[in-house]
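Q: After the structure tokens below, expect a handful of questions from me.
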Amino acid sequence: MARKPADQSVSRDDIILAAAEVLRHNGYEATTMKDIAAEVNLTAASLYHHFRNKDTLILAVLEGGLDQVIGIMEPIVQSDKPNAEKLRKLIHAHVASLTHHTAVGAAMIFEIRPLLNLQIASRADSQLSNGAYDEFIQRRDAFFQRRDYFEELFRCVVRDGIESGEFREVDIAIFTKTMLGAHNWVAVWYKEDGRLDGNSIADMMADQFLRALAPDQ
């Protein structure tokens, strides 16, 4: 089948999901814009009309996944529900997002370091103009700030639960990172045709972490 020329429209979301799939199979270093273009039946030249280079496309993958789950989580944290119920819903929201788009979830694990390492890249090495490079670095830094905010949503609920007596005392930072680490790896081992669906896995994980926070009797 012939590749689509540059003047034909293609969904940005389709490109982002295709990039996530290619990244999962090939890894950052081996992935090329040509590989991603082929996944959505575009010419490589057409893909450059949507994204300036591989790094800007990978950043879009990560931004999209993070923004989607934050949009679900914020109303949960801001509600007046008990903290145990909030945490259960946060776990469900995160795990569900990972099982619905496992390739994007895997990118959140494996492509973070390449993105972070771009701090030491020079403008000359970036294949972007000075203005585009500066814009990319600002977006990259904003992504990491937003990722910290995502983690803070979980820490906030755990902290509030401890202060209200719903949860026992724990090291909030370590507990949260342990919990999110367990969530994130679901994207690596989850299979759509596996023994458990995403909701069942979320239920089990929520039960485990809430038991770990139960006050000592």
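Residue numbering restarts at 1 in every chain; chains get A, B, ... in the order shown in the structure tokens, and ligands count up from 1 in that same order.
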Mind running range 110-202 of chain A against range 60-76 of chain A at 9 Å and telling me each contacting residue's nearest atom pair with the distance in Å (one decimal), counting only C-alpha atoms, chain and number ascending, as a tab-separated table?

A:
residue	atom	partner	partner_atom	distance
A:Glu111	CA	A:Leu62	CA	8.4
A:Ile112	CA	A:Leu62	CA	8.3
A:Phe143	CA	A:Glu63	CA	6.4
A:Arg146	CA	A:Leu66	CA	8.0
A:Arg147	CA	A:Leu66	CA	7.1
A:Tyr149	CA	A:Ile70	CA	8.8
A:Phe150	CA	A:Ile70	CA	6.4
A:Leu153	CA	A:Glu74	CA	7.5

Q: In range 50-204 of chain A, what's alpha helix (DSSP H) per DSSP? Answer as JSON, numbers by chain?

A: {"A": [54, 55, 56, 57, 58, 59, 60, 61, 62, 63, 64, 65, 66, 67, 68, 69, 70, 71, 72, 73, 74, 75, 76, 77, 78, 83, 84, 85, 86, 87, 88, 89, 90, 91, 92, 93, 94, 95, 96, 97, 98, 99, 100, 102, 103, 104, 105, 106, 107, 108, 109, 110, 112, 113, 114, 115, 116, 117, 130, 131, 132, 133, 134, 135, 136, 137, 138, 139, 140, 141, 142, 143, 144, 145, 146, 147, 148, 149, 150, 151, 152, 153, 154, 155, 156, 157, 158, 159, 160, 161, 162, 163, 164, 172, 173, 174, 175, 176, 177, 178, 179, 180, 181, 182, 183, 184, 185, 186, 187, 188, 189, 198, 199, 200, 201, 202, 203, 204]}

Q: Take CA of Arg24 in chain A and CA of Gly198 in chain A and report the distance between them in Å, one decimal.

A: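 Calculated distance between CA of Arg24 in chain A and CA of Gly198 in chain A is 19.3 Å.
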
Q: Near range 85-90 of chain A, counting only C-alpha atoms, which residues have an atom at most 12 Å away, once you skip same-chain residues fewer than 2 positions from it, shown as a ChimeraX atom specification?

A: /A:69-83,92-97,150-161,166-167,176,179-180,183,199,202-211,213

Q: Would you compute the distance between CA of Ala214 in chain A and CA of Lys177 in chain A? Give it in Å to one decimal.

A: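 Interatomic distance, CA of Ala214 in chain A to CA of Lys177 in chain A: 18.1 Å.
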
Q: Please measure the separation of CA of Glu21 in chain A and CA of Met33 in chain A, giving the value in Å to one decimal.

A: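 Between CA of Glu21 in chain A and CA of Met33 in chain A the gap works out to 12.7 Å.
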
Q: For Glu192 in chain A, which residue among A:His50, A:Arg12, A:His101, A:Lys34 is the nearest when counting only C-alpha atoms?

A: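 Ranking A:His50, A:Arg12, A:His101, A:Lys34 by distance to Glu192 in chain A, first place goes to A:His101.
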
Q: When you count only C-alpha atoms, which of these residues is closest to Val10 in chain A: A:Arg52, A:His25, A:Ser46, A:Ile58?

A: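 Closest to Val10 in chain A of all the choices is A:Ser46.
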
Q: Would you list the contacts of Val40 in chain A as a PDB file with N, CA and C atoms, in the first residue's frame, taking every protein, DNA or RNA residue within 10 Å and counting only C-alpha atoms, but skipping same-chain residues closer than 3 positions in sequence?

A:
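Listed below is the output, selection-v9.pdb:
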ATOM      1  N   ARG A   3       2.318   4.913   0.671  1.00  0.00           N
ATOM      2  CA  ARG A   3       2.307   5.805   1.823  1.00  0.00           C
ATOM      3  C   ARG A   3       1.513   7.068   1.505  1.00  0.00           C
ATOM      4  N   LYS A   4       0.890   7.637   2.532  1.00  0.00           N
ATOM      5  CA  LYS A   4       0.115   8.863   2.352  1.00  0.00           C
ATOM      6  C   LYS A   4       1.044  10.052   2.158  1.00  0.00           C
ATOM      7  N   VAL A  10      -3.802  13.231   8.894  1.00  0.00           N
ATOM      8  CA  VAL A  10      -3.702  12.030   9.719  1.00  0.00           C
ATOM      9  C   VAL A  10      -3.882  12.479  11.148  1.00  0.00           C
ATOM     10  N   SER A  11      -4.503  11.657  11.948  1.00  0.00           N
ATOM     11  CA  SER A  11      -4.784  12.005  13.332  1.00  0.00           C
ATOM     12  C   SER A  11      -3.501  12.114  14.142  1.00  0.00           C
ATOM     13  N   ASP A  14      -3.343   9.266  16.503  1.00  0.00           N
ATOM     14  CA  ASP A  14      -2.896   8.020  15.872  1.00  0.00           C
ATOM     15  C   ASP A  14      -1.369   7.977  15.777  1.00  0.00           C
ATOM     16  N   ILE A  15      -0.776   9.114  15.444  1.00  0.00           N
ATOM     17  CA  ILE A  15       0.678   9.184  15.342  1.00  0.00           C
ATOM     18  C   ILE A  15       1.316   8.949  16.714  1.00  0.00           C
ATOM     19  N   ILE A  16       0.763   9.560  17.741  1.00  0.00           N
ATOM     20  CA  ILE A  16       1.311   9.430  19.097  1.00  0.00           C
ATOM     21  C   ILE A  16       1.226   7.982  19.574  1.00  0.00           C
ATOM     22  N   LEU A  17       0.087   7.346  19.342  1.00  0.00           N
ATOM     23  CA  LEU A  17      -0.069   5.949  19.759  1.00  0.00           C
ATOM     24  C   LEU A  17       0.859   5.038  18.949  1.00  0.00           C
ATOM     25  N   ALA A  18       1.016   5.343  17.669  1.00  0.00           N
ATOM     26  CA  ALA A  18       1.932   4.561  16.836  1.00  0.00           C
ATOM     27  C   ALA A  18       3.363   4.710  17.333  1.00  0.00           C
ATOM     28  N   ALA A  19       3.743   5.927  17.696  1.00  0.00           N
ATOM     29  CA  ALA A  19       5.092   6.157  18.222  1.00  0.00           C
ATOM     30  C   ALA A  19       5.318   5.354  19.499  1.00  0.00           C
ATOM     31  N   ASP A  35      10.303   4.582  10.955  1.00  0.00           N
ATOM     32  CA  ASP A  35       9.566   3.475  11.571  1.00  0.00           C
ATOM     33  C   ASP A  35       8.172   3.925  12.009  1.00  0.00           C
ATOM     34  N   ILE A  36       8.115   5.086  12.639  1.00  0.00           N
ATOM     35  CA  ILE A  36       6.841   5.599  13.148  1.00  0.00           C
ATOM     36  C   ILE A  36       5.916   5.951  11.991  1.00  0.00           C
ATOM     37  N   ALA A  37       6.474   6.568  10.955  1.00  0.00           N
ATOM     38  CA  ALA A  37       5.671   6.928   9.789  1.00  0.00           C
ATOM     39  C   ALA A  37       5.061   5.680   9.148  1.00  0.00           C
ATOM     40  N   THR A  43       4.487   8.795   4.695  1.00  0.00           N
ATOM     41  CA  THR A  43       5.890   8.952   4.325  1.00  0.00           C
ATOM     42  C   THR A  43       6.603   9.625   5.491  1.00  0.00           C
ATOM     43  N   LEU A  47       5.508  12.916   8.127  1.00  0.00           N
ATOM     44  CA  LEU A  47       5.528  12.921   9.592  1.00  0.00           C
ATOM     45  C   LEU A  47       6.193  14.184  10.113  1.00  0.00           C
TER      46      LEU A  47
END

Q: Taking only C-alpha atoms into account, which of A:Ala212, A:Ala182, A:Leu115, A:Leu59 comes nearest Val170 in chain A?

A: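 Comparing A:Ala212, A:Ala182, A:Leu115, A:Leu59 against Val170 in chain A, the winner is A:Ala212.
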
Q: Please provide as a list of chain:residue names all residues within 9 Å of Val186 in chain A, with the sequence filter that same-chain residues fewer than 6 positions apart are discarded (counting only C-alpha atoms).

A: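 Answer for this query is A:Val95, A:Leu98, A:Thr99, A:Thr102, A:Gly105, A:Ala106, A:Ile201.
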
Q: Any chance you can output those residues with C-alpha atoms as a PDB file, in the first residue's frame?

A:
ATOM      1  CA  VAL A  95      -3.878   1.364  36.582  1.00  0.00           C
ATOM      2  CA  LEU A  98      -1.937   1.848  31.926  1.00  0.00           C
ATOM      3  CA  THR A  99      -3.982  -1.195  30.918  1.00  0.00           C
ATOM      4  CA  THR A 102       0.109  -0.213  27.659  1.00  0.00           C
ATOM      5  CA  GLY A 105       2.518   3.348  29.961  1.00  0.00           C
ATOM      6  CA  ALA A 106       5.713   1.553  28.957  1.00  0.00           C
ATOM      7  CA  ILE A 201      -5.742  -5.853  38.860  1.00  0.00           C
TER       8      ILE A 201
END

Q: Rank nothing, just name the residue among A:Ala187, A:Ala45, A:Ile172, A:Leu23 nearest to Pro114 in chain A, using only C-alpha atoms.

A: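 For Pro114 in chain A, the nearest of the given residues is A:Leu23.
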
Q: Kindly indicate which residue among A:Asn117, A:Thr31, A:Asn184, A:Thr56 lies nearest to Glu135 in chain A, using only C-alpha atoms for the distances.

A: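 Using only C-alpha atoms, Glu135 in chain A sits closest to A:Thr56.
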
Q: Select, from A:Ala107, A:Glu169, A:Asn41, A:His49, the residue with the minimum atom-to-atom distance to Val22 in chain A, counting only C-alpha atoms.

A: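 With only C-alpha atoms as the atom set, the closest residue is A:Ala107.
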